[in-house]
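Q: Pasting structure-v4.pdb here (PDB, C-alpha atoms and all ligand atoms):
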```
ATOM      1  CA  MET A  45       0.000   0.000   0.000
ATOM      2  CA  ASP A  46       1.431   3.401  -0.903
ATOM      3  CA  VAL A  47       1.439   6.234   1.568
ATOM      4  CA  ILE A  48      -1.345   8.209  -0.136
ATOM      5  CA  THR A  49      -3.672   5.219   0.003
ATOM      6  CA  ALA A  50      -2.772   4.601   3.641
ATOM      7  CA  VAL A  51      -3.494   8.238   4.549
ATOM      8  CA  LYS A  52      -6.821   8.174   2.723
ATOM      9  CA  THR A  53      -8.063   4.791   3.920
ATOM     10  CA  ARG A  54      -7.061   5.069   7.590
ATOM     11  CA  ILE A  55     -10.013   5.897   9.780
ATOM     12  CA  SER A  56     -10.693   5.700  13.472
ATOM     13  CA  THR A  57     -12.104   2.208  13.735
ATOM     14  CA  ARG A  58     -14.569   1.756  16.576
ATOM     15  CA  ALA A  59     -15.536  -1.895  16.281
ATOM     16  CA  PHE A  60     -12.960  -4.674  16.097
ATOM     17  CA  LEU A  61     -12.920  -8.405  15.616
ATOM     18  CA  PRO A  62     -11.560 -10.261  18.639
ATOM     19  CA  ASP A  63      -8.870 -12.077  16.597
ATOM     20  CA  ALA A  64      -5.493 -11.991  18.318
ATOM     21  CA  VAL A  65      -2.662 -10.015  16.733
ATOM     22  CA  PRO A  66       0.717 -11.772  16.713
ATOM     23  CA  GLN A  67       3.315  -9.920  18.737
ATOM     24  CA  SER A  68       5.661 -10.137  15.739
ATOM     25  CA  ASP A  69       3.253  -8.011  13.649
ATOM     26  CA  ILE A  70       3.190  -5.272  16.267
ATOM     27  CA  GLN A  71       6.944  -5.500  16.627
ATOM     28  CA  GLU A  72       7.211  -4.969  12.860
ATOM     29  CA  ILE A  73       4.826  -2.008  12.880
ATOM     30  CA  LEU A  74       6.855  -0.319  15.628
ATOM     31  CA  ASP A  75      10.109  -1.227  13.927
ATOM     32  CA  ILE A  76       8.987   0.788  10.896
ATOM     33  CA  ALA A  77       7.281   3.585  12.836
ATOM     34  CA  ARG A  78      10.470   4.319  14.748
ATOM     35  CA  TYR A  79      11.703   6.082  11.589
ATOM     36  CA  SER A  80       9.275   8.913  12.358
ATOM     37  CA  PRO A  81      10.933  12.298  12.589
ATOM     38  CA  SER A  82      11.293  14.081  15.905
ATOM     39  CA  SER A  83      12.806  17.372  16.965
ATOM     40  CA  SER A  84      16.615  16.913  16.952
ATOM     41  CA  ASN A  85      15.931  13.192  16.732
ATOM     42  CA  LEU A  86      15.041  13.045  20.425
ATOM     43  CA  GLN A  87      12.583  10.209  19.705
ATOM     44  CA  PRO A  88      10.690  11.210  22.848
ATOM     45  CA  TRP A  89       8.062   8.475  22.603
ATOM     46  CA  GLY A  90       7.426   5.369  24.621
ATOM     47  CA  THR A  91       4.906   2.630  23.928
ATOM     48  CA  ILE A  92       3.397  -0.071  26.088
ATOM     49  CA  VAL A  93       1.579  -2.746  24.129
ATOM     50  CA  VAL A  94      -0.951  -4.659  26.189
ATOM     51  CA  THR A  95      -3.193  -7.630  25.489
ATOM     52  CA  GLY A  96      -5.083 -10.413  27.288
ATOM     53  CA  ALA A  97      -5.807 -10.302  31.007
ATOM     54  CA  GLU A  98      -3.576  -7.251  31.519
ATOM     55  CA  LYS A  99      -5.580  -5.291  28.959
ATOM     56  CA  GLN A 100      -8.815  -6.412  30.578
ATOM     57  CA  ALA A 101      -7.583  -5.268  33.998
ATOM     58  CA  ILE A 102      -6.932  -1.793  32.577
ATOM     59  CA  SER A 103     -10.379  -1.650  30.986
ATOM     60  CA  ASP A 104     -11.923  -2.788  34.261
ATOM     61  CA  LEU A 105     -10.256  -0.088  36.305
ATOM     62  CA  ALA A 106     -11.226   2.620  33.804
ATOM     63  CA  ILE A 107     -14.849   1.487  33.643
ATOM     64  CA  LYS A 108     -15.024   1.319  37.424
ATOM     65  CA  ALA A 109     -13.690   4.892  37.673
ATOM     66  CA  PHE A 110     -16.148   6.079  35.018
ATOM     67  CA  LYS A 111     -19.132   4.426  36.696
ATOM     68  CA  SER A 112     -18.197   5.806  40.099
ATOM     69  CA  GLN A 113     -17.791   9.272  38.541
ATOM     70  CA  ALA A 114     -14.233   9.530  39.820
ATOM     71  CA  PRO A 115     -12.621  12.888  39.039
ATOM     72  CA  SER A 116     -10.756  13.063  35.751
ATOM     73  CA  GLU A 117      -7.000  12.512  35.936
ATOM     74  CA  GLU A 118      -6.190  14.822  33.015
ATOM     75  CA  GLY A 119      -4.171  16.998  35.430
ATOM     76  CA  ASP A 120      -1.605  19.282  33.778
ATOM     77  CA  TYR A 121      -2.431  17.983  30.304
ATOM     78  CA  PRO A 122      -6.161  18.542  29.727
ATOM     79  CA  ILE A 123      -7.612  16.974  26.600
ATOM     80  CA  TYR A 124      -9.199  20.214  25.422
ATOM     81  CA  PRO A 125      -8.545  23.834  26.293
ATOM     82  CA  LYS A 126     -11.209  25.603  28.309
ATOM     83  CA  ASP A 127     -13.740  27.514  26.218
ATOM     84  CA  LEU A 128     -13.164  25.654  22.986
ATOM     85  CA  PRO A 129     -14.110  28.094  20.179
ATOM     86  CA  GLN A 130     -17.349  27.372  18.367
ATOM     87  CA  LYS A 131     -15.650  26.192  15.171
ATOM     88  CA  TYR A 132     -13.970  23.371  17.081
ATOM     89  CA  GLN A 133     -17.029  22.582  19.183
ATOM     90  CA  ASP A 134     -18.974  22.132  15.945
ATOM     91  CA  ARG A 135     -16.416  19.744  14.510
ATOM     92  CA  ARG A 136     -16.351  17.770  17.734
ATOM     93  CA  ALA A 137     -20.119  17.577  17.869
ATOM     94  CA  GLY A 138     -20.138  16.489  14.226
ATOM     95  CA  VAL A 139     -18.120  13.361  15.009
ATOM     96  CA  GLY A 140     -20.388  12.440  17.928
ATOM     97  CA  LYS A 141     -23.514  13.041  15.850
ATOM     98  CA  GLY A 142     -22.186  10.923  12.982
ATOM     99  CA  MET A 143     -21.277   8.057  15.298
ATOM    100  CA  TYR A 144     -24.510   8.074  17.255
ATOM    101  CA  GLU A 145     -26.615   8.241  14.109
ATOM    102  CA  LEU A 146     -24.835   5.234  12.613
ATOM    103  CA  MET A 147     -25.380   3.283  15.809
ATOM    104  CA  GLY A 148     -28.987   4.382  16.158
ATOM    105  CA  ILE A 149     -28.335   6.093  19.504
ATOM    106  CA  LYS A 150     -30.702   8.950  20.250
ATOM    107  CA  ARG A 151     -29.308  12.227  21.598
ATOM    108  CA  ASP A 152     -31.131  11.870  24.925
ATOM    109  CA  ASP A 153     -30.445   8.157  25.399
ATOM    110  CA  MET A 154     -27.956   8.633  28.213
ATOM    111  CA  ALA A 155     -27.670   4.906  28.992
ATOM    112  CA  ALA A 156     -26.645   4.120  25.425
ATOM    113  CA  ARG A 157     -24.204   7.021  25.419
ATOM    114  CA  MET A 158     -22.657   5.765  28.655
ATOM    115  CA  ASN A 159     -22.278   2.327  27.106
ATOM    116  CA  TRP A 160     -20.461   3.995  24.270
ATOM    117  CA  VAL A 161     -17.898   5.468  26.691
ATOM    118  CA  ILE A 162     -17.547   2.035  28.257
ATOM    119  CA  ASP A 163     -16.908   0.608  24.801
ATOM    120  CA  ASN A 164     -14.191   3.239  24.330
ATOM    121  CA  TYR A 165     -12.597   1.970  27.558
ATOM    122  CA  ASN A 166     -12.923  -1.563  26.202
ATOM    123  CA  PHE A 167     -10.776  -0.468  23.246
ATOM    124  CA  TYR A 168     -13.859  -1.010  21.076
ATOM    125  CA  GLY A 169     -13.276  -4.745  21.313
ATOM    126  CA  ALA A 170      -9.735  -4.584  19.912
ATOM    127  CA  PRO A 171      -7.414  -7.363  21.061
ATOM    128  CA  VAL A 172      -4.470  -4.993  21.493
ATOM    129  CA  ALA A 173      -4.041  -1.731  23.366
ATOM    130  CA  VAL A 174      -1.102   0.569  22.801
ATOM    131  CA  PHE A 175      -0.337   3.329  25.288
ATOM    132  CA  PHE A 176       1.861   6.207  24.202
ATOM    133  CA  THR A 177       4.013   7.834  26.841
ATOM    134  CA  ILE A 178       6.404  10.743  27.074
ATOM    135  CA  ASP A 179       8.773  11.931  29.777
ATOM    136  CA  ARG A 180       7.060  14.688  31.761
ATOM    137  CA  LEU A 181      10.081  16.957  31.341
ATOM    138  CA  HIS A 182       9.240  17.394  27.660
ATOM    139  CA  GLY A 183       7.306  20.352  26.319
ATOM    140  CA  ARG A 184       4.930  20.884  23.445
ATOM    141  CA  ASN A 185       7.576  20.441  20.720
ATOM    142  CA  GLN A 186       8.299  16.918  21.848
ATOM    143  CA  TRP A 187       4.598  16.179  22.287
ATOM    144  CA  ALA A 188       4.210  17.140  18.624
ATOM    145  CA  SER A 189       6.903  14.586  17.760
ATOM    146  CA  LEU A 190       5.014  11.987  19.764
ATOM    147  CA  GLY A 191       1.920  12.787  17.700
ATOM    148  CA  MET A 192       3.854  12.256  14.483
ATOM    149  CA  PHE A 193       5.015   8.904  15.756
ATOM    150  CA  MET A 194       1.446   7.898  16.590
ATOM    151  CA  GLN A 195       0.263   8.803  13.107
ATOM    152  CA  THR A 196       3.097   6.783  11.613
ATOM    153  CA  VAL A 197       2.060   3.797  13.740
ATOM    154  CA  CYS A 198      -1.504   4.178  12.422
ATOM    155  CA  LEU A 199      -0.380   4.393   8.794
ATOM    156  CA  VAL A 200       1.979   1.442   9.016
ATOM    157  CA  ALA A 201      -0.722  -0.582  10.766
ATOM    158  CA  GLU A 202      -3.105   0.366   7.954
ATOM    159  CA  ALA A 203      -0.599  -0.757   5.331
ATOM    160  CA  LYS A 204      -0.267  -4.065   7.187
ATOM    161  CA  GLY A 205      -4.019  -4.645   7.185
ATOM    162  CA  TYR A 206      -4.698  -3.527  10.761
ATOM    163  CA  ALA A 207      -7.137  -0.926  11.966
ATOM    164  CA  THR A 208      -6.570   1.574  14.763
ATOM    165  CA  CYS A 209      -8.303   4.151  16.901
ATOM    166  CA  MET A 210      -6.292   6.695  18.839
ATOM    167  CA  GLN A 211      -7.899   7.288  22.215
ATOM    168  CA  GLU A 212      -7.255  10.382  24.252
ATOM    169  CA  ILE A 213     -10.027   9.289  26.617
ATOM    170  CA  TRP A 214      -7.314   7.436  28.518
ATOM    171  CA  ALA A 215      -6.078  10.802  29.796
ATOM    172  CA  GLN A 216      -9.071  10.713  32.131
ATOM    173  CA  VAL A 217      -7.566   7.749  33.981
ATOM    174  CA  ARG A 218      -3.889   8.286  33.170
ATOM    175  CA  ASP A 219      -2.686   8.095  36.782
ATOM    176  CA  SER A 220      -4.588   4.868  37.436
ATOM    177  CA  VAL A 221      -3.253   3.234  34.266
ATOM    178  CA  HIS A 222       0.228   4.521  35.075
ATOM    179  CA  LYS A 223       0.032   2.725  38.408
ATOM    180  CA  GLN A 224      -1.431  -0.438  36.920
ATOM    181  CA  LEU A 225       1.320  -0.631  34.296
ATOM    182  CA  GLU A 226       3.983   0.218  36.893
ATOM    183  CA  LEU A 227       5.447   2.945  34.698
ATOM    184  CA  ASP A 228       8.445   5.079  35.575
ATOM    185  CA  GLU A 229       7.577   8.030  37.739
ATOM    186  CA  ASN A 230       8.483  10.480  34.943
ATOM    187  CA  ASP A 231       6.398   8.850  32.241
ATOM    188  CA  VAL A 232       3.106  10.502  31.294
ATOM    189  CA  ILE A 233       0.483   8.602  29.338
ATOM    190  CA  TYR A 234      -0.640  10.823  26.475
ATOM    191  CA  ALA A 235      -3.158   8.506  24.821
ATOM    192  CA  GLY A 236      -4.132   4.938  24.167
ATOM    193  CA  MET A 237      -4.771   3.231  20.874
ATOM    194  CA  ALA A 238      -6.959   0.300  19.946
ATOM    195  CA  LEU A 239      -5.383  -1.997  17.361
ATOM    196  CA  GLY A 240      -6.690  -5.071  15.576
ATOM    197  CA  LYS A 241      -8.776  -6.151  12.615
ATOM    198  CA  ALA A 242     -11.773  -3.971  11.824
ATOM    199  CA  ASP A 243     -15.222  -5.510  12.129
ATOM    200  CA  PRO A 244     -16.395  -5.221   8.506
ATOM    201  CA  ASP A 245     -20.072  -5.461   9.470
ATOM    202  CA  ALA A 246     -20.176  -2.739  12.116
ATOM    203  CA  PRO A 247     -22.116   0.345  10.925
ATOM    204  CA  VAL A 248     -19.915   2.647  13.045
ATOM    205  CA  ASN A 249     -16.944   1.729  10.897
ATOM    206  CA  THR A 250     -18.640   3.314   7.904
ATOM    207  CA  LEU A 251     -18.232   6.759   9.461
ATOM    208  CA  ARG A 252     -16.200   9.079   7.261
ATOM    209  CA  THR A 253     -15.459  12.378   8.929
ATOM    210  CA  GLU A 254     -15.316  15.605   6.981
ATOM    211  CA  ARG A 255     -12.311  17.818   6.425
ATOM    212  CA  GLU A 256     -11.995  21.466   5.666
ATOM    213  CA  ALA A 257     -10.844  22.188   2.108
ATOM    214  CA  VAL A 258      -7.232  23.290   1.640
ATOM    215  CA  ASP A 259      -8.324  26.897   1.106
ATOM    216  CA  GLY A 260      -9.697  26.929   4.647
ATOM    217  CA  PHE A 261      -6.359  26.325   6.353
ATOM    218  CA  ALA A 262      -3.560  27.019   3.860
ATOM    219  CA  LYS A 263      -2.105  30.275   2.659
ATOM    220  CA  PHE A 264       0.196  30.213  -0.328
ATOM    221  CA  VAL A 265       2.750  32.980  -0.534
ATOM    222  CA  GLY A 266       5.046  33.867  -3.419
ATOM    223  CA  PHE A 267       3.634  31.476  -6.022
TER
HETATM  224  C1  LIG B   1      -4.935  12.178  19.509
HETATM  225  C2  LIG B   1      -6.279  11.611  19.196
HETATM  226  C3  LIG B   1      -7.091  11.151  20.198
HETATM  227  C4  LIG B   1      -8.338  10.576  19.923
HETATM  228  N1  LIG B   1      -9.105  10.074  20.938
HETATM  229  C5  LIG B   1     -10.247   9.418  20.668
HETATM  230  C6  LIG B   1     -10.975   8.759  21.703
HETATM  231  O1  LIG B   1     -10.630   8.816  22.871
HETATM  232  N2  LIG B   1     -12.067   8.041  21.338
HETATM  233  C7  LIG B   1     -12.488   7.956  20.045
HETATM  234  O2  LIG B   1     -13.487   7.289  19.792
HETATM  235  N3  LIG B   1     -11.836   8.599  19.055
HETATM  236  C8  LIG B   1     -10.720   9.305  19.329
HETATM  237  N4  LIG B   1     -10.006   9.909  18.320
HETATM  238  C9  LIG B   1     -10.476   9.813  16.935
HETATM  239  C10 LIG B   1     -10.965  11.147  16.381
HETATM  240  O3  LIG B   1     -12.267  11.399  16.800
HETATM  241  C11 LIG B   1     -10.856  11.040  14.859
HETATM  242  O4  LIG B   1      -9.500  10.975  14.494
HETATM  243  C12 LIG B   1     -11.494  12.213  14.115
HETATM  244  O5  LIG B   1     -12.869  12.290  14.370
HETATM  245  C13 LIG B   1     -11.252  12.076  12.606
HETATM  246  O6  LIG B   1     -11.795  10.859  12.129
HETATM  247  P1  LIG B   1     -10.916   9.735  11.446
HETATM  248  O7  LIG B   1      -9.801   9.370  12.394
HETATM  249  O8  LIG B   1     -11.854   8.594  11.229
HETATM  250  O9  LIG B   1     -10.356  10.292  10.190
HETATM  251  C14 LIG B   1      -8.779  10.501  18.592
HETATM  252  C15 LIG B   1      -7.956  10.990  17.572
HETATM  253  C16 LIG B   1      -6.729  11.540  17.865
HETATM  254  C17 LIG B   1      -5.854  12.033  16.747
END
```
In C-alpha cells, write the structure found in this file.
Ligand SMILES: Cc1cc2nc3c(=O)[nH]c(=O)nc-3n(C[C@H](O)[C@H](O)[C@H](O)COP(=O)(O)O)c2cc1C

A:
Amino acid sequence: MDVITAVKTRISTRAFLPDAVPQSDIQEILDIARYSPSSSNLQPWGTIVVTGAEKQAISDLAIKAFKSQAPSEEGDYPIYPKDLPQKYQDRRAGVGKGMYELMGIKRDDMAARMNWVIDNYNFYGAPVAVFFTIDRLHGRNQWASLGMFMQTVCLVAEAKGYATCMQEIWAQVRDSVHKQLELDENDVIYAGMALGKADPDAPVNTLRTEREAVDGFAKFVGF
C-alpha cells in the first residue's frame, strides 16, 4: 500500500474483531514507525503494548472509575482547552452526531451514550491496546513529535491490514493506568490506541469524517 492510500483509507475504527494479533506483527509495525521524525531526533516516545488479562484489567479499572464518577485525571495535560471556540465545538459535535446516528443512539439516550464510553474503555473490542508515553520533562515540541510517531504507527498498521483508533479518553484515567502498568515516575500517558482487525459489518466503521478544504487552512505565498 502506498502512503497516499494509507493516509486516505485510515479511519478511526470503533468496532474490532476479537482475533489476536501476533506480537511479531506489532513489533514490525513499531520497527517501521520508529523512523518517524522528531525534533533533533530526540525520539521522545514510549509505547506499552498490552493484550489479554492485563488489557482487561486496565479496561476494568477505567470502567469502574467512570461508573463511580471519579474525578478526571487529566491533570496538567487537559484533553481540550477551556472555552473551545465554536468552530472546534462544531467539529467535535459532528463526530459524535455521525457516530450516534450510525449506531442508532438517540441524543437523549444517556444509557446508550454511557455504554459507548464504556466501549471506548474496552478499546472497542480490539485485542491490542497501545499506550503512548512521554517523559514529563518534555514540552509541546516533543509532544508534537510523539503525535507524528502515533500517526506513523496508524499508517503502518493500515498498510499491514490492521485498523486503529487513537484514544485520548485514557487521559481521564492516566494516573490509574500509570500505576497499573507500573510505569516510571516520569512517564506521562498521552493517549491509548486500539489496534486489531476492523469488524467489517459494524455500521460505526462506515463513518467518514469531513475535512476542511485546503483553502480553509492554507495560505500560499510567493507562487
Ligand atoms: C490524539 C487523538 C485522540 C483521539 N481520541 C479518541 C478517543 O478517545 N475516542 C475515540 O473514539 N476517538 C478518538 N479519536 C479519533 C478522532 O475522533 C478522529 O481521528 C477524528 O474524528 C477524525 O476521524 P478519522 O480518524 O476517522 O479520520 C482521537 C484521535 C486523535 C488524533

Q: If the limit is 6 Å from any atom of ligand LIG 1 (chain B), counting all atoms listed in the file, which residues qualify? Return them as a PyMOL selection string.

A: chain A and resi 55-56+139+210-213+252-253

Q: Mind giving me the straight-line distance from atom CA of A:Lys108 to atom CA of A:Ser220 in Å, one decimal?

A: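 These atoms are spaced 11.0 Å apart.
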
Q: Looking at A:Gly266, A:Gly142, A:Gly240, A:Pro88, which one is nearest to A:Phe167, with distances taken over only C-alpha atoms?

A: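 The closest residue to A:Phe167 is A:Gly240.
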
Q: Given the PyMOL selection byres (((chain A and resi 190) around 9) and not hetatm) and the file above, list the residues it selects as a ChimeraX atom specification.

A: /A:82,87-90,176-178,185-189,191-195,234

Q: Which residues are close to A:Tyr165, i.e. within 9 Å by only C-alpha atoms, leaving aside same-chain residues fewer than 4 positions away? Reply as a list in words.

A: Ile102, Ser103, Asp104, Ala106, Ile107, Trp160, Val161, Gln211, Ile213 and Trp214 of chain A

Q: Atom CA of A:Gly169 and atom CA of A:Asp245 are how many Å apart?

A: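 The value is 13.7 Å.
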
Q: Tell me which residues the PyMOL selection byres (((chain A and resi 65-81) around 10) and not hetatm) grabs here, as a ChimeraX atom specification.

A: /A:62-64,82-87,89,91,93,95,170-172,174,189-204,206,239-241

Q: Between atom CA of A:Ala235 and atom CA of A:Arg218, measure the distance and give it in Å to one decimal.

A: 8.4 Å

Q: Leaving out A:Leu181 and any residue of its chain fewer than 6 positions from it, which residues lie within 10 Å of it when counting all atoms listed in the file, given as a PyMOL selection string?

A: chain A and resi 230-232

Q: Quick one: what's the axis-aligned box for stretch 129-139 of chain A, all listed atoms, 5 Å on every side, centre and edges in Å to one decimal, as JSON?

A:
```
{"center_x": -17.1, "center_y": 20.7, "center_z": 17.2, "size_x": 16.2, "size_y": 24.7, "size_z": 16.0}
```

Q: Can you tell me, as a PyMOL selection string, what residues are no more than 8 Å from A:Glu117 when counting all atoms listed in the file, ignoring any on the same chain fewer than 3 positions away?

A: chain A and resi 215-219

Q: Closest to A:Ile233 among A:Asn164, A:Asp46, A:Ile92, A:Ala109, using only C-alpha atoms?

A: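 Of the candidates, the smallest distance to A:Ile233 is held by A:Ile92.
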
Q: A:Phe264, A:Glu229, A:Arg184, A:Gly205: which is nearest A:Tyr121, counting all atoms listed in the file?

A: A:Arg184

Q: What's the 6 Å shell around A:Cys209, counting all atoms listed in the file, without same-chain residues fewer than 2 positions away, as a list in words?

A: Ser56, Thr57, Met237 and Ala238 of chain A

Q: Need the shell around A:Met158: protein/DNA/RNA residues with any atom at most 12 Å away, counting only C-alpha atoms. Skip same-chain ones fewer than 3 positions apart. Format as a PyMOL selection string?

A: chain A and resi 107+110-111+113+144+149+151-155+161-165
